[in-house]
file entry.cif (mmCIF, C-alpha atoms (C1' of nucleotides) and all ligand atoms)
data_query
loop_
_atom_site.label_atom_id
_atom_site.label_comp_id
_atom_site.auth_asym_id
_atom_site.auth_seq_id
_atom_site.Cartn_x
_atom_site.Cartn_y
_atom_site.Cartn_z
CA MET A 1 -18.13 29.44 3.91
CA ALA A 2 -16.51 32.86 3.66
CA PHE A 3 -13.19 31.68 5.05
CA MET A 4 -12.76 29.87 1.76
CA LYS A 5 -11.70 33.15 0.20
CA GLU A 6 -8.12 32.41 1.14
CA TYR A 7 -8.15 29.14 -0.79
CA VAL A 8 -9.55 30.76 -3.91
CA ASP A 9 -6.35 32.79 -4.17
CA ILE A 10 -4.04 29.88 -3.46
CA LEU A 11 -5.69 27.76 -6.13
CA ARG A 12 -5.64 30.56 -8.70
CA GLN A 13 -1.97 31.22 -7.99
CA HIS A 14 -1.28 27.63 -8.88
CA GLY A 15 -3.30 27.69 -12.06
CA ILE A 16 -6.20 25.70 -10.67
CA GLN A 17 -9.79 26.80 -11.28
CA PRO A 18 -11.48 27.06 -7.91
CA THR A 19 -14.68 25.05 -7.63
CA PRO A 20 -16.74 24.31 -4.53
CA GLN A 21 -15.38 20.77 -4.42
CA ARG A 22 -11.78 21.84 -4.81
CA LEU A 23 -12.17 24.50 -2.15
CA ALA A 24 -13.61 21.99 0.29
CA ILE A 25 -10.73 19.64 -0.39
CA ALA A 26 -8.22 22.47 -0.06
CA ALA A 27 -9.71 23.40 3.30
CA ALA A 28 -9.50 19.80 4.45
CA VAL A 29 -5.91 19.15 3.48
CA LEU A 30 -3.82 22.27 2.85
CA HIS A 31 -3.41 23.37 6.43
CA SER A 32 -3.58 19.98 8.05
CA ALA A 33 -0.85 19.19 10.55
CA GLU A 34 -1.62 15.53 10.09
CA HIS A 35 -0.89 13.52 7.00
CA PRO A 36 -4.37 12.57 5.84
CA THR A 37 -5.23 9.72 3.51
CA ALA A 38 -7.56 10.28 0.57
CA ASP A 39 -10.36 8.85 2.64
CA ASP A 40 -9.62 11.19 5.56
CA VAL A 41 -9.85 14.09 3.14
CA TYR A 42 -13.10 12.75 1.70
CA GLU A 43 -14.67 12.58 5.16
CA GLU A 44 -13.59 16.03 6.24
CA ALA A 45 -14.28 17.79 2.96
CA ARG A 46 -17.86 16.53 3.02
CA GLU A 47 -18.39 18.68 6.08
CA TYR A 48 -17.85 21.73 3.89
CA SER A 49 -19.45 20.75 0.62
CA THR A 50 -22.73 18.88 0.41
CA VAL A 51 -21.95 17.08 -2.85
CA LEU A 52 -18.60 15.44 -3.31
CA SER A 53 -17.64 12.13 -4.82
CA ARG A 54 -14.70 9.89 -4.10
CA ALA A 55 -13.50 10.22 -7.69
CA THR A 56 -13.28 13.98 -7.31
CA VAL A 57 -11.22 13.63 -4.16
CA TYR A 58 -8.69 11.44 -5.93
CA ASN A 59 -8.67 13.66 -9.03
CA THR A 60 -8.18 16.77 -6.97
CA LEU A 61 -5.50 15.41 -4.68
CA ASN A 62 -3.57 14.21 -7.71
CA LEU A 63 -4.03 17.62 -9.31
CA PHE A 64 -2.76 19.37 -6.19
CA VAL A 65 0.32 17.13 -6.19
CA GLU A 66 0.93 17.85 -9.88
CA LYS A 67 0.64 21.59 -9.27
CA GLY A 68 2.98 21.50 -6.31
CA LEU A 69 0.49 22.21 -3.52
CA LEU A 70 0.92 18.82 -1.91
CA ARG A 71 3.31 15.91 -1.83
CA MET A 72 2.30 12.30 -1.73
CA GLN A 73 4.24 10.24 0.78
CA ILE A 74 4.63 6.47 1.00
CA LEU A 75 4.91 5.89 4.72
CA LYS A 76 1.97 3.71 5.71
CA GLU A 77 1.01 0.23 4.73
CA GLY A 78 -1.86 0.05 2.30
CA THR A 79 -2.46 3.72 1.59
CA ALA A 80 -0.76 6.88 0.44
CA VAL A 81 -0.85 10.00 2.60
CA PHE A 82 -0.87 13.62 1.48
CA ASP A 83 1.47 16.18 2.93
CA PRO A 84 0.86 19.93 2.72
CA ASN A 85 4.38 20.51 3.97
CA ILE A 86 6.25 20.76 0.70
CA GLU A 87 9.57 21.85 2.17
CA ARG A 88 12.04 19.01 2.56
CA HIS A 89 11.75 17.32 5.92
CA HIS A 90 11.98 13.96 7.63
CA HIS A 91 9.25 11.81 9.17
CA PHE A 92 8.57 9.91 12.34
CA ILE A 93 5.85 7.24 12.28
CA ASP A 94 4.35 6.05 15.55
CA ASP A 95 4.13 2.27 15.79
CA ASP A 96 1.12 2.46 18.08
CA ASP A 97 -1.37 4.50 16.12
CA GLY A 98 0.34 5.29 12.84
CA THR A 99 0.58 9.02 13.52
CA ILE A 100 3.05 10.70 11.22
CA ILE A 101 5.06 13.60 12.59
CA ASP A 102 7.28 15.99 10.64
CA ILE A 103 10.92 16.28 11.67
CA PRO A 104 12.45 19.57 10.54
CA TRP A 105 15.12 19.21 7.89
CA GLY A 106 17.73 20.92 10.04
CA TRP A 107 17.35 18.54 12.96
CA LEU A 108 19.13 15.72 11.17
CA SER A 109 21.95 15.63 8.69
CA VAL A 110 22.92 12.73 6.50
CA ARG A 111 26.64 12.31 5.95
CA GLY A 112 28.12 10.21 3.20
CA ARG A 113 26.17 11.36 0.17
CA GLU A 114 29.35 11.17 -1.87
CA ARG A 115 29.15 7.37 -1.70
CA LEU A 116 25.94 7.56 -3.71
CA ALA A 117 27.65 8.81 -6.87
CA GLU A 118 25.91 6.14 -8.95
CA PHE A 119 22.53 7.78 -8.34
CA ASP A 120 20.88 10.99 -9.51
CA ILE A 121 19.18 11.88 -6.26
CA ARG A 122 15.80 13.60 -6.52
CA GLU A 123 15.00 13.47 -2.84
CA MET A 124 16.23 11.94 0.34
CA GLN A 125 14.61 11.71 3.74
CA VAL A 126 15.15 9.98 7.04
CA VAL A 127 12.27 7.76 8.11
CA VAL A 128 12.15 7.07 11.84
CA ARG A 129 9.80 4.54 13.42
CA GLY A 130 9.07 3.89 17.06
CA ARG A 131 6.87 5.26 19.82
CA ARG A 132 6.30 8.68 21.29
CA LYS A 133 7.42 8.85 24.90
CA LYS A 134 4.62 9.62 27.31
CA MET B 1 14.23 -30.26 -5.43
CA ALA B 2 17.25 -31.40 -3.42
CA PHE B 3 18.67 -27.90 -3.01
CA MET B 4 15.76 -27.25 -0.66
CA LYS B 5 17.67 -29.10 2.06
CA GLU B 6 19.28 -25.84 3.06
CA TYR B 7 15.91 -24.20 3.65
CA VAL B 8 14.67 -27.06 5.80
CA ASP B 9 17.37 -26.23 8.31
CA ILE B 10 16.79 -22.48 8.22
CA LEU B 11 13.08 -22.91 8.83
CA ARG B 12 13.60 -25.41 11.67
CA GLN B 13 16.11 -23.07 13.31
CA HIS B 14 13.42 -20.42 13.38
CA GLY B 15 10.77 -22.72 14.79
CA ILE B 16 8.88 -23.09 11.53
CA GLN B 17 7.68 -26.48 10.36
CA PRO B 18 8.99 -27.00 6.86
CA THR B 19 6.28 -27.85 4.35
CA PRO B 20 6.55 -27.99 0.56
CA GLN B 21 4.77 -24.66 0.24
CA ARG B 22 6.94 -22.94 2.82
CA LEU B 23 10.09 -24.29 1.24
CA ALA B 24 9.06 -23.04 -2.18
CA ILE B 25 8.35 -19.62 -0.73
CA ALA B 26 11.63 -19.64 1.16
CA ALA B 27 13.50 -20.46 -2.04
CA ALA B 28 11.73 -17.62 -3.82
CA VAL B 29 12.35 -14.91 -1.27
CA LEU B 30 15.11 -15.67 1.23
CA HIS B 31 18.07 -15.21 -1.07
CA SER B 32 16.55 -12.65 -3.39
CA ALA B 33 18.62 -9.58 -4.11
CA GLU B 34 15.45 -7.83 -5.17
CA HIS B 35 12.67 -6.76 -2.87
CA PRO B 36 9.78 -8.86 -4.12
CA THR B 37 6.11 -8.19 -3.55
CA ALA B 38 3.80 -10.95 -2.35
CA ASP B 39 2.70 -11.44 -5.93
CA ASP B 40 6.29 -11.72 -7.16
CA VAL B 41 6.86 -14.41 -4.57
CA TYR B 42 3.65 -16.18 -5.59
CA GLU B 43 4.75 -16.29 -9.24
CA GLU B 44 8.24 -17.53 -8.52
CA ALA B 45 7.31 -20.04 -5.81
CA ARG B 46 4.85 -21.70 -8.16
CA GLU B 47 7.81 -22.74 -10.29
CA TYR B 48 8.94 -24.96 -7.40
CA SER B 49 5.68 -26.25 -5.98
CA THR B 50 2.80 -27.27 -8.19
CA VAL B 51 0.09 -26.42 -5.67
CA LEU B 52 0.21 -23.10 -3.90
CA SER B 53 -2.49 -20.58 -3.10
CA ARG B 54 -2.28 -16.85 -2.69
CA ALA B 55 -3.53 -17.14 0.87
CA THR B 56 -0.62 -19.40 1.77
CA VAL B 57 1.86 -16.93 0.30
CA TYR B 58 0.49 -14.14 2.48
CA ASN B 59 0.29 -16.38 5.55
CA THR B 60 3.83 -17.59 5.06
CA LEU B 61 5.38 -14.21 4.35
CA ASN B 62 3.74 -12.84 7.47
CA LEU B 63 4.99 -15.84 9.41
CA PHE B 64 8.53 -15.30 8.13
CA VAL B 65 8.36 -11.65 9.20
CA GLU B 66 7.08 -12.65 12.63
CA LYS B 67 9.89 -15.18 13.05
CA GLY B 68 12.55 -12.71 11.96
CA LEU B 69 13.48 -14.24 8.62
CA LEU B 70 12.21 -11.27 6.62
CA ARG B 71 11.32 -7.65 7.05
CA MET B 72 8.40 -5.94 5.43
CA GLN B 73 9.24 -2.56 3.92
CA ILE B 74 6.89 0.25 2.91
CA LEU B 75 8.70 1.83 0.00
CA LYS B 76 6.42 1.45 -3.01
CA GLU B 77 3.01 2.82 -3.71
CA GLY B 78 0.24 0.27 -3.45
CA THR B 79 2.11 -2.75 -2.17
CA ALA B 80 4.44 -3.94 0.54
CA VAL B 81 7.78 -5.53 -0.36
CA PHE B 82 9.66 -8.22 1.53
CA ASP B 83 13.31 -7.89 2.34
CA PRO B 84 15.53 -10.85 3.23
CA ASN B 85 18.24 -8.44 4.32
CA ILE B 86 17.42 -8.15 8.01
CA GLU B 87 20.52 -6.15 8.96
CA ARG B 88 19.88 -2.44 9.21
CA HIS B 89 20.44 -0.64 5.95
CA HIS B 90 19.13 2.18 3.80
CA HIS B 91 17.24 2.08 0.50
CA PHE B 92 17.36 3.69 -2.89
CA ILE B 93 14.23 3.52 -5.06
CA ASP B 94 14.53 4.13 -8.79
CA ASP B 95 11.90 6.52 -10.13
CA ASP B 96 11.95 4.87 -13.55
CA ASP B 97 11.18 1.25 -12.82
CA GLY B 98 10.69 1.07 -9.07
CA THR B 99 13.79 -1.03 -8.48
CA ILE B 100 14.81 -1.01 -4.83
CA ILE B 101 18.52 -1.14 -4.02
CA ASP B 102 20.10 -1.67 -0.61
CA ILE B 103 22.51 0.96 0.65
CA PRO B 104 24.90 -0.42 3.28
CA TRP B 105 24.37 0.99 6.73
CA GLY B 106 27.94 2.26 6.94
CA TRP B 107 27.72 4.33 3.78
CA LEU B 108 25.57 6.98 5.41
CA SER B 109 25.43 8.36 8.90
CA VAL B 110 22.60 10.35 10.40
CA ARG B 111 23.67 13.08 12.78
CA GLY B 112 21.34 14.79 15.21
CA ARG B 113 19.60 11.83 16.84
CA GLU B 114 19.79 13.68 20.15
CA ARG B 115 17.11 16.07 18.89
CA LEU B 116 14.69 13.16 18.76
CA ALA B 117 14.60 12.69 22.51
CA GLU B 118 10.80 12.68 22.51
CA PHE B 119 10.76 9.39 20.58
CA ASP B 120 11.65 5.81 21.46
CA ILE B 121 13.30 4.89 18.20
CA ARG B 122 12.86 1.33 16.99
CA GLU B 123 14.40 1.84 13.61
CA MET B 124 15.64 4.56 11.34
CA GLN B 125 16.60 4.47 7.70
CA VAL B 126 17.46 6.88 4.94
CA VAL B 127 15.17 6.60 1.92
CA VAL B 128 16.68 7.95 -1.28
CA ARG B 129 14.71 8.39 -4.50
CA GLY B 130 15.97 9.27 -7.96
CA ARG B 131 17.46 7.54 -10.96
CA ARG B 132 20.41 5.29 -11.54
CA LYS B 133 23.04 6.93 -13.72
CA LYS B 134 23.65 5.11 -16.98
"C1'" DT C 1 -28.55 31.32 -27.92
"C1'" DC C 2 -25.15 28.11 -28.84
"C1'" DA C 3 -20.85 25.52 -28.78
"C1'" DA C 4 -16.77 24.05 -26.53
"C1'" DG C 5 -14.09 23.04 -22.65
"C1'" DG C 6 -13.63 21.89 -18.26
"C1'" DT C 7 -15.53 19.53 -14.11
"C1'" DT C 8 -18.11 16.25 -11.36
"C1'" DT C 9 -20.58 12.07 -10.65
"C1'" DA C 10 -21.97 7.12 -10.10
"C1'" DG C 11 -20.67 2.96 -10.84
"C1'" DA C 12 -17.70 -0.49 -12.97
"C1'" DC C 13 -13.33 -2.25 -12.54
"C1'" DA C 14 -8.65 -3.86 -10.77
"C1'" DA C 15 -5.18 -4.94 -7.37
"C1'" DA C 16 -3.63 -5.87 -2.62
"C1'" DG C 17 -4.67 -8.09 1.32
"C1'" DT C 18 -7.58 -10.59 4.98
"C1'" DC C 19 -10.68 -14.03 6.57
"C1'" DC C 20 -13.20 -18.26 6.81
"C1'" DA C 21 -14.94 -23.08 6.50
"C1'" DG C 22 -13.78 -27.37 4.78
"C1'" DG C 23 -10.51 -30.69 3.67
"C1'" DA C 24 -5.66 -32.62 3.55
"C1'" DA C 25 -1.53 -33.84 5.84
"C1'" DC C 26 0.85 -35.08 9.73
"C1'" DA C 27 2.47 -36.29 14.38
"C1'" DG C 28 2.20 -38.93 18.59
"C1'" DG C 29 0.05 -42.66 21.15
"C1'" DC C 30 -1.64 -47.00 20.98
"C1'" DG D 1 0.01 -50.70 11.21
"C1'" DC D 2 -4.54 -47.51 12.87
"C1'" DC D 3 -6.89 -43.36 15.65
"C1'" DT D 4 -7.10 -38.92 16.85
"C1'" DG D 5 -6.09 -34.22 17.57
"C1'" DT D 6 -3.49 -30.54 15.66
"C1'" DT D 7 -1.47 -28.00 12.09
"C1'" DC D 8 -1.62 -26.55 7.46
"C1'" DC D 9 -3.48 -25.37 2.92
"C1'" DT D 10 -7.10 -24.11 -0.23
"C1'" DG D 11 -10.70 -21.60 -2.93
"C1'" DG D 12 -13.53 -18.15 -2.63
"C1'" DA D 13 -15.85 -14.40 -0.43
"C1'" DC D 14 -14.94 -10.04 1.20
"C1'" DT D 15 -12.79 -5.30 2.14
"C1'" DT D 16 -10.05 -1.42 0.98
"C1'" DT D 17 -7.50 1.62 -2.06
"C1'" DG D 18 -7.31 3.57 -6.31
"C1'" DT D 19 -8.35 4.20 -11.45
"C1'" DC D 20 -11.31 4.66 -15.35
"C1'" DT D 21 -15.37 5.82 -18.17
"C1'" DA D 22 -19.53 7.73 -19.99
"C1'" DA D 23 -22.96 10.81 -19.05
"C1'" DA D 24 -24.41 14.94 -17.08
"C1'" DC D 25 -23.39 19.46 -15.57
"C1'" DC D 26 -21.45 23.94 -15.41
"C1'" DT D 27 -19.00 28.17 -17.43
"C1'" DT D 28 -17.41 31.18 -20.60
"C1'" DG D 29 -17.18 33.52 -24.67
"C1'" DA D 30 -18.73 34.15 -29.57
MN MN E 201 -13.55 16.46 10.69
MN MN E 202 10.93 -16.64 -11.97
ZN ZN E 203 5.37 15.62 6.37
ZN ZN E 204 16.62 -3.88 1.59
#
call {"tool": "encode", "arguments": {"input": "entry.cif", "output": "structure tokens"}}
result
Amino acid sequence: MAFMKEYVDILRQHGIQPTPQRLAIAAAVLHSAEHPTADDVYEEAREYSTVLSRATVYNTLNLFVEKGLLRMQILKEGTAVFDPNIERHHHFIDDDDGTIIDIPWGWLSVRGRERLAEFDIREMQVVVRGRRKK
Amino acid sequence: MAFMKEYVDILRQHGIQPTPQRLAIAAAVLHSAEHPTADDVYEEAREYSTVLSRATVYNTLNLFVEKGLLRMQILKEGTAVFDPNIERHHHFIDDDDGTIIDIPWGWLSVRGRERLAEFDIREMQVVVRGRRKK
DNA sequence: TCAAGGTTTAGACAAAGTCCAGGAACAGGC
DNA sequence: GCCTGTTCCTGGACTTTGTCTAAACCTTGA
């Protein structure tokens, strides 16, 4: 498990004490190109760490969000997903299999923000749904 | 319950047999300016119809979605909301209390669709989060 | 060695949603 | 009016997602 070294530093830099469980979870989620659910993370992290409980997965994912390592996204019915891409970006969700794909911020631009003067905007994203062409 | 007459016609026009339960649910959701959850609908519909089960609320809301009377939206953590506004539009979600507000389609325009050539787009919306100014 | 925090765990709990078998309501044909 | 087949509704069991709690388990530093 030597490749975990990298995650020790990342966690420390964010003020998080590295533990075997947290490192396994970091390895499962921080470099994922997908947008895993808590349960996805639980399954994958168990491949790295023999002992790991569901509660710890939820605690740790919430901690990572709080410390700015992850963002939680509400894009799927019934479950939150966790996104290691913390830059602003848009999302495409595939109707067939639920796959979530990042759309770079620069690819789309939203005009008309000035009509939203009644809101203090914290974030804004375009959510696109459909199918990938084959 | 005479004002239900209106809903009898709407349901028939969409190929749905009107029943007391369905009419109560229609009255609770179809003209709502809010974006109620299934449980919100359950609570309000019970004010119109004495007997109504949770299962019927879910069955009926799903039926209304299938028949095009409603759209289901994934905007809140933990629960789906139902939207009687079936025209395309955007959404603002208030961080404080979760209130969901419709943003008219024409207020915003998304440029750069041509970069999404790899997708067959079924729908697209801008999701804005923040706070309402007071 | 000891105490104090911090961390993890199992299991209880709650909420959202689906599914099923039995019964009620209803429509069309006599 | 009655029969009969279909549609509809119900309570409750069940599943999944997520939170909470008390006990146990480290660490770290005095
Ligand atoms: Mn795996
Ligand atoms: Mn009410
Ligand atoms: Zn993303
Ligand atoms: Zn809406």
call {"tool": "interface_residues", "arguments": {"input": "entry.cif", "of": "chain B", "to": "chain D", "cutoff": "10 Å", "atoms": "only C-alpha atoms (C1' of nucleotides)", "output": "PDB file with C-alpha atoms, in the coordinates of the input"}}
result
ATOM      1  CA  GLN B  17       7.680 -26.480  10.360  1.00  0.00           C
ATOM      2  CA  THR B  19       6.280 -27.850   4.350  1.00  0.00           C
ATOM      3  CA  GLN B  21       4.770 -24.660   0.240  1.00  0.00           C
ATOM      4  CA  VAL B  51       0.090 -26.420  -5.670  1.00  0.00           C
ATOM      5  CA  LEU B  52       0.210 -23.100  -3.900  1.00  0.00           C
ATOM      6  CA  SER B  53      -2.490 -20.580  -3.100  1.00  0.00           C
ATOM      7  CA  ARG B  54      -2.280 -16.850  -2.690  1.00  0.00           C
ATOM      8  CA  ALA B  55      -3.530 -17.140   0.870  1.00  0.00           C
ATOM      9  CA  THR B  56      -0.620 -19.400   1.770  1.00  0.00           C
ATOM     10  CA  GLY B  78       0.240   0.270  -3.450  1.00  0.00           C
TER      11      GLY B  78
END
call {"tool": "closest_residue", "arguments": {"input": "entry.cif", "among": "B:Val41, B:Leu30, B:Leu69, B:Ile100", "to": "ligand MN 202 (chain E)", "atoms": "only C-alpha atoms and all ligand atoms"}}
result
B:Val41
call {"tool": "residues_near_ligand", "arguments": {"input": "entry.cif", "ligand": "ligand MN 201 (chain E)", "cutoff": "9 Å", "atoms": "all atoms listed in the file", "output": "CSV table (one decimal) with C-alpha atoms, in the frame of the given file"}}
result
chain,number,residue,atom,x,y,z
A,28,ALA,CA,-9.5,19.8,4.4
A,40,ASP,CA,-9.6,11.2,5.6
A,41,VAL,CA,-9.8,14.1,3.1
A,43,GLU,CA,-14.7,12.6,5.2
A,44,GLU,CA,-13.6,16.0,6.2
A,45,ALA,CA,-14.3,17.8,3.0
A,46,ARG,CA,-17.9,16.5,3.0
A,47,GLU,CA,-18.4,18.7,6.1
call {"tool": "closest_atom_pairs", "arguments": {"input": "entry.cif", "of": "chain C", "to": "chain B", "cutoff": "12 Å", "atoms": "only C-alpha atoms (C1' of nucleotides)", "output": "JSON lines"}}
result
{"residue": "C:DA15", "atom": "C1'", "partner": "B:Gly78", "partner_atom": "CA", "distance": 8.5}
{"residue": "C:DA16", "atom": "C1'", "partner": "B:Thr79", "partner_atom": "CA", "distance": 6.5}
{"residue": "C:DG17", "atom": "C1'", "partner": "B:Tyr58", "partner_atom": "CA", "distance": 8.0}
{"residue": "C:DT18", "atom": "C1'", "partner": "B:Ala55", "partner_atom": "CA", "distance": 8.7}
{"residue": "C:DC19", "atom": "C1'", "partner": "B:Ala55", "partner_atom": "CA", "distance": 9.7}
{"residue": "C:DC20", "atom": "C1'", "partner": "B:Ala55", "partner_atom": "CA", "distance": 11.4}
{"residue": "C:DA25", "atom": "C1'", "partner": "B:Thr19", "partner_atom": "CA", "distance": 10.0}
{"residue": "C:DC26", "atom": "C1'", "partner": "B:Thr19", "partner_atom": "CA", "distance": 10.5}
{"residue": "C:DA27", "atom": "C1'", "partner": "B:Gln17", "partner_atom": "CA", "distance": 11.8}
call {"tool": "interface_residues", "arguments": {"input": "entry.cif", "of": "chain B", "to": "chain A", "cutoff": "8 Å", "atoms": "all atoms listed in the file", "output": "VMD selection string"}}
result
chain B and resid 74 to 80 107 to 113 115 118 to 133
call {"tool": "atom_distance", "arguments": {"input": "entry.cif", "atom1": "atom CA of A:Ala26", "atom2": "atom C1' of C:DG6"}}
result
19.0 Å
call {"tool": "closest_residue", "arguments": {"input": "entry.cif", "among": "B:Arg88, B:Asp102, B:Ala24, B:Asp9", "to": "ligand MN 202 (chain E)", "atoms": "all atoms listed in the file"}}
result
B:Ala24
call {"tool": "atom_distance", "arguments": {"input": "entry.cif", "atom1": "atom CA of B:Pro104", "atom2": "atom CA of B:Asn85"}}
result
10.5 Å
call {"tool": "residues_around", "arguments": {"input": "entry.cif", "residues": "A:Glu34", "least_positions_apart": "6", "cutoff": "9 Å", "atoms": "all atoms listed in the file", "output": "PDB file with C-alpha atoms, in the frame of the given file"}}
result
ATOM      1  CA  PHE A  82      -0.870  13.620   1.480  1.00  0.00           C
ATOM      2  CA  ASP A  83       1.470  16.180   2.930  1.00  0.00           C
ATOM      3  CA  PRO A  84       0.860  19.930   2.720  1.00  0.00           C
ATOM      4  CA  THR A  99       0.580   9.020  13.520  1.00  0.00           C
ATOM      5  CA  ILE A 100       3.050  10.700  11.220  1.00  0.00           C
ATOM      6  CA  ILE A 101       5.060  13.600  12.590  1.00  0.00           C
ATOM      7  CA  ASP A 102       7.280  15.990  10.640  1.00  0.00           C
TER       8      ASP A 102
END
call {"tool": "atom_distance", "arguments": {"input": "entry.cif", "atom1": "atom CA of A:Lys67", "atom2": "atom C1' of C:DA12"}}
result
28.9 Å
call {"tool": "residues_around", "arguments": {"input": "entry.cif", "residues": "B:Leu70", "least_positions_apart": "5", "cutoff": "12 Å", "atoms": "only C-alpha atoms (C1' of nucleotides)", "output": "ChimeraX atom specification"}}
result
/B:11,14,25-26,29-32,35-36,60-65,81-88
